[in-house]
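Trainee: Sharing my_file_22.cif here; it has mmCIF, C-alpha atoms and all ligand atoms.
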```cif
data_coords
loop_
_atom_site.group_PDB
_atom_site.id
_atom_site.type_symbol
_atom_site.label_atom_id
_atom_site.label_comp_id
_atom_site.auth_asym_id
_atom_site.auth_seq_id
_atom_site.Cartn_x
_atom_site.Cartn_y
_atom_site.Cartn_z
ATOM 1 C CA MET A 299 -4.979 22.871 -10.903
ATOM 2 C CA LEU A 300 -4.030 22.004 -7.349
ATOM 3 C CA PRO A 301 -3.804 18.435 -6.098
ATOM 4 C CA LYS A 302 -6.935 17.241 -4.317
ATOM 5 C CA TYR A 303 -4.918 15.480 -1.616
ATOM 6 C CA LYS A 304 -2.034 16.895 0.378
ATOM 7 C CA ARG A 305 -0.907 13.834 2.282
ATOM 8 C CA ILE A 306 -1.471 10.327 1.006
ATOM 9 C CA LEU A 307 -0.743 6.805 2.128
ATOM 10 C CA LEU A 308 -0.009 4.638 -0.862
ATOM 11 C CA LYS A 309 -0.424 0.891 -0.352
ATOM 12 C CA LEU A 310 1.487 -1.206 -2.846
ATOM 13 C CA SER A 311 1.129 -4.945 -2.856
ATOM 14 C CA GLY A 312 4.205 -7.106 -2.854
ATOM 15 C CA GLU A 313 2.739 -9.087 -5.731
ATOM 16 C CA SER A 314 2.614 -6.080 -8.009
ATOM 17 C CA LEU A 315 6.406 -5.763 -7.704
ATOM 18 C CA MET A 316 6.803 -9.088 -9.510
ATOM 19 C CA GLY A 317 5.756 -7.570 -12.833
ATOM 20 C CA ALA A 318 5.514 -10.346 -15.389
ATOM 21 C CA SER A 319 7.397 -12.938 -13.346
ATOM 22 C CA ASN A 320 5.979 -15.005 -10.503
ATOM 23 C CA TYR A 321 8.475 -14.209 -7.773
ATOM 24 C CA GLY A 322 10.735 -11.405 -6.604
ATOM 25 C CA ILE A 323 11.194 -7.834 -7.703
ATOM 26 C CA ASP A 324 11.047 -6.565 -11.275
ATOM 27 C CA PRO A 325 13.303 -3.487 -11.587
ATOM 28 C CA LYS A 326 11.024 -2.092 -14.318
ATOM 29 C CA VAL A 327 8.121 -1.965 -11.868
ATOM 30 C CA ILE A 328 10.255 -0.188 -9.259
ATOM 31 C CA THR A 329 11.341 2.369 -11.868
ATOM 32 C CA GLN A 330 7.756 3.001 -12.955
ATOM 33 C CA TYR A 331 6.514 3.399 -9.388
ATOM 34 C CA ALA A 332 9.403 5.759 -8.583
ATOM 35 C CA HIS A 333 8.634 7.862 -11.634
ATOM 36 C CA ASP A 334 4.932 8.059 -10.747
ATOM 37 C CA ILE A 335 5.624 8.923 -7.117
ATOM 38 C CA LYS A 336 8.065 11.642 -8.196
ATOM 39 C CA THR A 337 5.397 13.296 -10.350
ATOM 40 C CA VAL A 338 3.203 13.789 -7.305
ATOM 41 C CA THR A 339 5.919 14.738 -4.798
ATOM 42 C CA ASP A 340 6.987 17.407 -7.333
ATOM 43 C CA LEU A 341 3.535 18.933 -6.836
ATOM 44 C CA GLY A 342 4.172 19.128 -3.086
ATOM 45 C CA VAL A 343 2.085 16.085 -2.183
ATOM 46 C CA GLN A 344 3.363 14.305 0.934
ATOM 47 C CA VAL A 345 3.717 10.591 0.247
ATOM 48 C CA ALA A 346 3.934 7.711 2.708
ATOM 49 C CA VAL A 347 4.098 4.160 1.397
ATOM 50 C CA VAL A 348 3.229 0.789 2.891
ATOM 51 C CA ILE A 349 4.439 -2.109 0.857
ATOM 52 C CA GLY A 350 3.405 -5.760 1.039
ATOM 53 C CA GLY A 351 5.578 -8.843 0.954
ATOM 54 C CA GLY A 352 3.526 -11.395 -0.970
ATOM 55 C CA ASN A 353 6.062 -11.544 -3.828
ATOM 56 C CA ILE A 354 8.587 -13.034 -1.405
ATOM 57 C CA TYR A 355 6.785 -14.634 1.499
ATOM 58 C CA ARG A 356 3.323 -14.952 2.984
ATOM 59 C CA GLY A 357 2.957 -16.375 6.446
ATOM 60 C CA MET A 358 -0.604 -17.559 6.180
ATOM 61 C CA ASN A 359 -0.267 -20.997 4.618
ATOM 62 C CA GLU A 360 1.110 -23.066 7.467
ATOM 63 C CA ALA A 361 -0.243 -26.250 5.870
ATOM 64 C CA GLU A 362 1.890 -25.709 2.769
ATOM 65 C CA THR A 363 5.089 -24.412 4.333
ATOM 66 C CA GLY A 364 5.125 -26.422 7.541
ATOM 67 C CA ILE A 365 6.163 -23.220 9.301
ATOM 68 C CA GLU A 366 4.098 -22.155 12.276
ATOM 69 C CA ARG A 367 1.792 -19.228 11.456
ATOM 70 C CA ALA A 368 3.331 -16.603 13.750
ATOM 71 C CA GLN A 369 6.846 -17.509 12.642
ATOM 72 C CA GLY A 370 5.802 -17.352 8.994
ATOM 73 C CA ASP A 371 4.127 -14.001 9.585
ATOM 74 C CA TYR A 372 7.366 -12.562 10.942
ATOM 75 C CA MET A 373 9.088 -13.869 7.824
ATOM 76 C CA GLY A 374 6.423 -12.096 5.758
ATOM 77 C CA MET A 375 7.115 -8.880 7.658
ATOM 78 C CA LEU A 376 10.814 -9.181 6.878
ATOM 79 C CA ALA A 377 9.882 -9.617 3.211
ATOM 80 C CA THR A 378 8.149 -6.226 3.296
ATOM 81 C CA VAL A 379 11.405 -4.661 4.507
ATOM 82 C CA ILE A 380 13.275 -6.133 1.532
ATOM 83 C CA ASN A 381 10.648 -4.650 -0.790
ATOM 84 C CA GLY A 382 10.813 -1.365 1.109
ATOM 85 C CA MET A 383 14.569 -1.213 0.603
ATOM 86 C CA ALA A 384 14.202 -1.922 -3.111
ATOM 87 C CA LEU A 385 11.611 0.818 -3.457
ATOM 88 C CA GLN A 386 13.699 3.206 -1.375
ATOM 89 C CA SER A 387 16.629 2.720 -3.665
ATOM 90 C CA GLY A 388 14.420 3.268 -6.749
ATOM 91 C CA LEU A 389 12.985 6.465 -5.274
ATOM 92 C CA GLU A 390 16.429 7.795 -4.463
ATOM 93 C CA LYS A 391 17.639 7.020 -7.955
ATOM 94 C CA ALA A 392 14.738 9.085 -9.235
ATOM 95 C CA GLY A 393 15.910 12.006 -7.094
ATOM 96 C CA MET A 394 13.678 11.833 -4.031
ATOM 97 C CA TYR A 395 14.639 12.001 -0.385
ATOM 98 C CA THR A 396 13.353 9.013 1.539
ATOM 99 C CA ARG A 397 13.226 7.339 4.915
ATOM 100 C CA LEU A 398 12.413 3.728 5.662
ATOM 101 C CA GLN A 399 10.810 3.141 9.056
ATOM 102 C CA SER A 400 10.382 -0.367 10.321
ATOM 103 C CA ALA A 401 7.833 -1.676 12.803
ATOM 104 C CA ILE A 402 10.461 -4.257 13.826
ATOM 105 C CA LYS A 403 13.738 -2.760 14.970
ATOM 106 C CA MET A 404 16.640 -3.192 12.561
ATOM 107 C CA GLU A 405 18.598 -0.058 13.090
ATOM 108 C CA GLN A 406 21.354 -0.659 10.564
ATOM 109 C CA ILE A 407 18.926 -0.463 7.676
ATOM 110 C CA ALA A 408 15.823 1.397 8.844
ATOM 111 C CA GLU A 409 14.681 3.871 11.457
ATOM 112 C CA PRO A 410 12.340 2.459 14.050
ATOM 113 C CA TYR A 411 8.747 3.508 13.466
ATOM 114 C CA ILE A 412 8.153 6.768 15.339
ATOM 115 C CA ARG A 413 4.923 8.511 14.417
ATOM 116 C CA ARG A 414 6.032 12.067 15.083
ATOM 117 C CA ARG A 415 9.271 11.567 13.241
ATOM 118 C CA ALA A 416 7.454 10.114 10.255
ATOM 119 C CA ILE A 417 5.212 13.179 10.125
ATOM 120 C CA ARG A 418 8.241 15.459 10.325
ATOM 121 C CA HIS A 419 9.874 13.660 7.396
ATOM 122 C CA LEU A 420 6.698 14.080 5.366
ATOM 123 C CA GLU A 421 6.550 17.791 6.179
ATOM 124 C CA LYS A 422 10.099 18.093 4.894
ATOM 125 C CA GLY A 423 9.107 16.463 1.611
ATOM 126 C CA ARG A 424 10.681 13.060 2.224
ATOM 127 C CA VAL A 425 8.885 9.965 1.078
ATOM 128 C CA VAL A 426 8.407 7.717 4.102
ATOM 129 C CA ILE A 427 8.198 3.971 3.548
ATOM 130 C CA PHE A 428 6.734 1.970 6.399
ATOM 131 C CA GLY A 429 8.214 -1.526 6.512
ATOM 132 C CA ALA A 430 7.481 -4.666 8.556
ATOM 133 C CA GLY A 431 3.717 -4.175 8.449
ATOM 134 C CA THR A 432 2.214 -3.533 11.863
ATOM 135 C CA GLY A 433 5.022 -5.463 13.560
ATOM 136 C CA ASN A 434 2.507 -8.092 14.674
ATOM 137 C CA PRO A 435 1.660 -11.519 13.308
ATOM 138 C CA TYR A 436 -1.949 -12.248 12.284
ATOM 139 C CA PHE A 437 -2.223 -8.888 10.546
ATOM 140 C CA THR A 438 -1.764 -7.831 6.944
ATOM 141 C CA THR A 439 -0.035 -4.973 5.222
ATOM 142 C CA ASP A 440 -3.474 -3.596 4.308
ATOM 143 C CA THR A 441 -4.109 -3.247 8.027
ATOM 144 C CA ALA A 442 -0.671 -1.654 8.445
ATOM 145 C CA ALA A 443 -1.596 0.778 5.668
ATOM 146 C CA SER A 444 -4.910 1.745 7.327
ATOM 147 C CA LEU A 445 -3.284 2.087 10.711
ATOM 148 C CA ARG A 446 -0.387 4.231 9.515
ATOM 149 C CA ALA A 447 -2.661 6.357 7.339
ATOM 150 C CA ILE A 448 -4.812 7.162 10.349
ATOM 151 C CA GLU A 449 -1.799 7.789 12.569
ATOM 152 C CA ILE A 450 -0.204 10.272 10.176
ATOM 153 C CA GLN A 451 -3.597 11.825 9.370
ATOM 154 C CA ALA A 452 -3.394 11.092 5.673
ATOM 155 C CA ASP A 453 -6.240 12.511 3.578
ATOM 156 C CA VAL A 454 -6.775 9.245 1.776
ATOM 157 C CA ILE A 455 -5.415 5.746 1.404
ATOM 158 C CA LEU A 456 -4.618 4.777 -2.165
ATOM 159 C CA LYS A 457 -4.613 1.081 -2.766
ATOM 160 C CA GLY A 458 -2.640 0.364 -5.894
ATOM 161 C CA THR A 459 -3.642 -2.945 -7.438
ATOM 162 C CA ARG A 460 -3.583 -4.667 -10.794
ATOM 163 C CA VAL A 461 -7.303 -4.072 -11.296
ATOM 164 C CA ASP A 462 -8.533 -0.551 -11.968
ATOM 165 C CA GLY A 463 -11.158 -0.370 -9.232
ATOM 166 C CA ILE A 464 -13.935 -2.214 -7.436
ATOM 167 C CA TYR A 465 -16.264 -4.231 -9.637
ATOM 168 C CA THR A 466 -19.707 -5.733 -9.119
ATOM 169 C CA ALA A 467 -18.011 -9.135 -9.556
ATOM 170 C CA ASP A 468 -14.503 -10.369 -10.318
ATOM 171 C CA PRO A 469 -13.849 -8.884 -13.796
ATOM 172 C CA GLU A 470 -11.335 -11.630 -14.575
ATOM 173 C CA LYS A 471 -14.059 -14.259 -14.128
ATOM 174 C CA ASP A 472 -17.254 -12.416 -15.045
ATOM 175 C CA PRO A 473 -17.089 -10.329 -18.249
ATOM 176 C CA SER A 474 -20.384 -8.593 -17.413
ATOM 177 C CA ALA A 475 -18.922 -7.095 -14.209
ATOM 178 C CA THR A 476 -19.077 -3.300 -14.047
ATOM 179 C CA LYS A 477 -16.912 -0.874 -12.101
ATOM 180 C CA TYR A 478 -18.096 1.402 -9.309
ATOM 181 C CA GLU A 479 -16.944 5.025 -9.481
ATOM 182 C CA THR A 480 -17.819 5.555 -5.840
ATOM 183 C CA ILE A 481 -19.261 3.247 -3.248
ATOM 184 C CA THR A 482 -19.987 3.583 0.457
ATOM 185 C CA PHE A 483 -18.383 1.530 3.212
ATOM 186 C CA SER A 484 -21.719 -0.067 4.070
ATOM 187 C CA GLU A 485 -22.407 -1.040 0.455
ATOM 188 C CA VAL A 486 -19.050 -2.816 0.350
ATOM 189 C CA TYR A 487 -20.078 -4.774 3.473
ATOM 190 C CA GLN A 488 -23.569 -5.526 2.188
ATOM 191 C CA LYS A 489 -22.365 -6.748 -1.182
ATOM 192 C CA SER A 490 -19.385 -8.612 0.372
ATOM 193 C CA LEU A 491 -16.990 -6.948 -2.051
ATOM 194 C CA ASN A 492 -13.343 -7.626 -1.575
ATOM 195 C CA VAL A 493 -11.557 -4.295 -1.039
ATOM 196 C CA MET A 494 -9.286 -5.028 1.908
ATOM 197 C CA ASP A 495 -9.430 -7.532 4.720
ATOM 198 C CA MET A 496 -12.066 -6.704 7.317
ATOM 199 C CA THR A 497 -9.642 -5.456 9.990
ATOM 200 C CA ALA A 498 -8.127 -2.955 7.558
ATOM 201 C CA PHE A 499 -11.482 -1.981 6.106
ATOM 202 C CA THR A 500 -13.159 -1.425 9.476
ATOM 203 C CA LEU A 501 -10.283 0.778 10.641
ATOM 204 C CA CYS A 502 -10.824 3.019 7.617
ATOM 205 C CA GLN A 503 -14.570 3.126 8.084
ATOM 206 C CA GLU A 504 -14.433 3.900 11.802
ATOM 207 C CA ASN A 505 -11.937 6.677 11.238
ATOM 208 C CA LYS A 506 -13.654 8.073 8.142
ATOM 209 C CA LEU A 507 -10.612 7.539 5.994
ATOM 210 C CA PRO A 508 -11.541 7.323 2.301
ATOM 211 C CA ILE A 509 -9.982 4.583 0.192
ATOM 212 C CA ILE A 510 -9.276 4.741 -3.520
ATOM 213 C CA VAL A 511 -8.613 1.465 -5.306
ATOM 214 C CA PHE A 512 -6.825 2.020 -8.615
ATOM 215 C CA ASP A 513 -4.419 0.437 -11.092
ATOM 216 C CA MET A 514 -0.944 1.542 -10.062
ATOM 217 C CA ASN A 515 0.684 -0.399 -12.879
ATOM 218 C CA LYS A 516 -0.600 2.074 -15.452
ATOM 219 C CA THR A 517 1.829 4.942 -15.471
ATOM 220 C CA GLY A 518 0.230 8.352 -14.879
ATOM 221 C CA ASN A 519 -2.691 6.913 -12.901
ATOM 222 C CA LEU A 520 -1.338 8.021 -9.528
ATOM 223 C CA LEU A 521 -1.233 11.626 -10.733
ATOM 224 C CA GLN A 522 -4.796 11.365 -12.055
ATOM 225 C CA VAL A 523 -5.975 10.109 -8.679
ATOM 226 C CA ILE A 524 -4.155 12.908 -6.841
ATOM 227 C CA MET A 525 -5.751 15.501 -9.112
ATOM 228 C CA GLY A 526 -9.160 14.120 -8.204
ATOM 229 C CA ARG A 527 -9.883 12.717 -11.659
ATOM 230 C CA ASN A 528 -12.191 9.816 -12.099
ATOM 231 C CA VAL A 529 -9.739 6.929 -11.924
ATOM 232 C CA GLY A 530 -10.340 3.791 -9.878
ATOM 233 C CA THR A 531 -13.080 3.500 -7.254
ATOM 234 C CA LEU A 532 -13.548 5.799 -4.270
ATOM 235 C CA VAL A 533 -14.880 4.238 -1.058
ATOM 236 C CA LYS A 534 -16.258 6.762 1.414
ATOM 237 C CA GLY A 535 -18.679 7.119 4.292
HETATM 238 N N1 LIG B 1 2.412 -9.661 7.950
HETATM 239 C C1 LIG B 1 2.144 -9.766 9.303
HETATM 240 N N2 LIG B 1 1.758 -8.641 9.998
HETATM 241 C C2 LIG B 1 1.601 -7.425 9.394
HETATM 242 C C3 LIG B 1 1.841 -7.327 8.002
HETATM 243 C C4 LIG B 1 2.250 -8.456 7.312
HETATM 244 O O1 LIG B 1 2.260 -10.818 9.883
HETATM 245 O O2 LIG B 1 1.265 -6.444 10.082
HETATM 246 C C5 LIG B 1 2.937 -10.829 7.196
HETATM 247 C C6 LIG B 1 1.871 -11.833 6.766
HETATM 248 O O3 LIG B 1 2.418 -13.120 6.888
HETATM 249 C C7 LIG B 1 1.660 -11.501 5.298
HETATM 250 C C8 LIG B 1 3.050 -11.092 4.868
HETATM 251 O O4 LIG B 1 3.582 -10.400 6.009
HETATM 252 O O5 LIG B 1 1.222 -12.615 4.576
HETATM 253 C C9 LIG B 1 3.112 -10.198 3.656
HETATM 254 O O6 LIG B 1 2.168 -9.176 3.716
HETATM 255 P P1 LIG B 1 0.842 -9.130 2.776
HETATM 256 O O7 LIG B 1 0.365 -10.517 2.510
HETATM 257 O O8 LIG B 1 -0.111 -8.176 3.380
HETATM 258 O O9 LIG B 1 1.469 -8.530 1.457
HETATM 259 P P2 LIG B 1 0.776 -8.231 0.035
HETATM 260 O O10 LIG B 1 -0.435 -9.108 -0.114
HETATM 261 O O11 LIG B 1 0.384 -6.780 0.033
HETATM 262 O O12 LIG B 1 1.858 -8.505 -0.939
#
```
Show me the file's structure as structure tokens.
Mentor:
Amino acid sequence: MLPKYKRILLKLSGESLMGASNYGIDPKVITQYAHDIKTVTDLGVQVAVVIGGGNIYRGMNEAETGIERAQGDYMGMLATVINGMALQSGLEKAGMYTRLQSAIKMEQIAEPYIRRRAIRHLEKGRVVIFGAGTGNPYFTTDTAASLRAIEIQADVILKGTRVDGIYTADPEKDPSATKYETITFSEVYQKSLNVMDMTAFTLCQENKLPIIVFDMNKTGNLLQVIMGRNVGTLVKG
């Protein structure tokens, strides 16, 4: 069977990199992600990744940190580059060719973000990691993921989370919550379900970019999603 998607944008949260701890990067998680990404690149799927930074720094809580929001946001963006470098090294260890492109220039460690170059890398089978979010404060890495996915004309954005899809209510709080297999963009709005922040979500909707929310921490799930199997929740127009 052929993969359903040819070019994907995989959004990984920074928090998921923590594994069982409450800060930093768990090497076991990196190894698992690298293994799962390799399984799909081996099928010829082009993979771009946007990674969050929440395991290291989040800029939003000025009241707690005492650091001005914009300054904190830039710190958060730098955190995503650290995660990107960790993932890059895991992917290379697993035998993949990779490039890290940063939305904030830091030429010694990453290429600057150049859309056409990113596409060229993907065509050559390299995994492209987009670091530093959108390069702008007051945005999130979910928005960076939507933006980059649209720019590189990805077929789908895959949001890897710790939950295995979108539920009628928070499954950790409400045991009667049930999972949606598919849902439309407008239903998500109407029911105020939390898929991505509104900026990210609206970008996907306006550009007809489907989103799949799935559990990336279960090994093999990424492949299932790529093959079009019924894993996670598909959001579409
Ligand atoms: N951030 C930002 N602009 C962006 C992307 C990220 O300012 O385009 C900052 C923001 O402070 C955010 C932090 O980087 O809190 C880490 O990103 P995010 O919270 O999206 O990571 P995740 O929740 O996926 O771990």
Trainee: Name the residues in contact with A:Gly374 at a cut-off of 6 Å, using only C-alpha atoms, excluding same-chain residues fewer than 3 positions from it; report them as an MDAnalysis selection string.
Mentor: chainID A and resid 351 355:357 371 377
Trainee: Identify all residues satisfying the PyMOL selection byres (((chain A and resi 416) around 10) and not hetatm) in the given file; provide them as a PyMOL selection string.
Mentor: chain A and resi 346+397-399+409-415+417-422+424-428+446+449-450
Trainee: Could you check how far atom CA of A:Leu507 sits from atom CA of A:Ala384, in Å to one decimal?
Mentor: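 Rounded to one decimal, the two atoms are 28.1 Å apart.
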Trainee: Counting all atoms listed in the file, which residues sit no farther than 12 Å from the position (-9.0, 9.6, -12.6) in the file's frame? I'd like them as a PyMOL selection string.
Mentor: chain A and resi 302+462-463+479-480+510-514+516+518-532
Trainee: Counting only C-alpha atoms, figure out which residue out of A:Ala447, A:Ile349, A:Leu491, A:Ala475 gets nearest to A:Lys506.
Mentor: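 Among A:Ala447, A:Ile349, A:Leu491, A:Ala475, it is A:Ala447 that comes nearest to A:Lys506.
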Trainee: State, in Å with one decimal place, the distance from atom CA of A:Val345 to atom CA of A:Gly388.
Mentor: 14.7 Å
Trainee: Which chains and residue numbers are within 8 Å of ligand LIG 1 (chain B), counting all atoms listed in the file, if I want them as an NGL selection string?
Mentor: :A and (309-314 or 349-358 or 367-368 or 370-378 or 430-442)
Trainee: In terms of the shortest atom-to-atom distance over all atoms listed in the file, which of A:Leu307, A:Ile455, A:Leu389, A:Met494 is closest to A:Thr337?
Mentor: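 Of A:Leu307, A:Ile455, A:Leu389, A:Met494, the one nearest A:Thr337, counting all atoms listed in the file, is A:Leu389.
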Trainee: Here's the selection I'm unsure about, the PyMOL selection byres (((chain A and resi 493) around 10) and not hetatm); applied to the file above, which residues does it give, as a PyMOL selection string?
Mentor: chain A and resi 440+457+463-465+483+486-487+490-492+494-496+498-499+509-511+533
Trainee: Have a look at A:Thr500, A:Asn320, A:Thr329, A:Ser474 and name the one nearest to A:Thr517; count all atoms listed in the file.
Mentor: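 Ranking A:Thr500, A:Asn320, A:Thr329, A:Ser474 by distance to A:Thr517, first place goes to A:Thr329.
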Trainee: As an exercise, work out the distance from atom CA of A:Leu308 to atom CA of A:Ser484 in Å and give it to one decimal place.
Mentor: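 That distance, rounded to one decimal, is 22.8 Å.
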Trainee: With distances taken over all atoms listed in the file, which of A:Asn505, A:Arg460, A:Glu366, A:Val347 is nearest to A:Ala318?
Mentor: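 Counting all atoms listed in the file, the residue closest to A:Ala318 is A:Arg460.
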Trainee: From the options A:Leu385, A:Val327, A:Met394, A:Val348, which residue's atoms come nearest to A:Gly423, counting all atoms listed in the file?
Mentor: A:Met394
Trainee: Could you check the closest approach to A:Asp324 for each of A:Gln488, A:Ser444, A:Asn381, A:Thr396 and tell me which residue wins, using all atoms listed in the file?
Mentor: A:Asn381
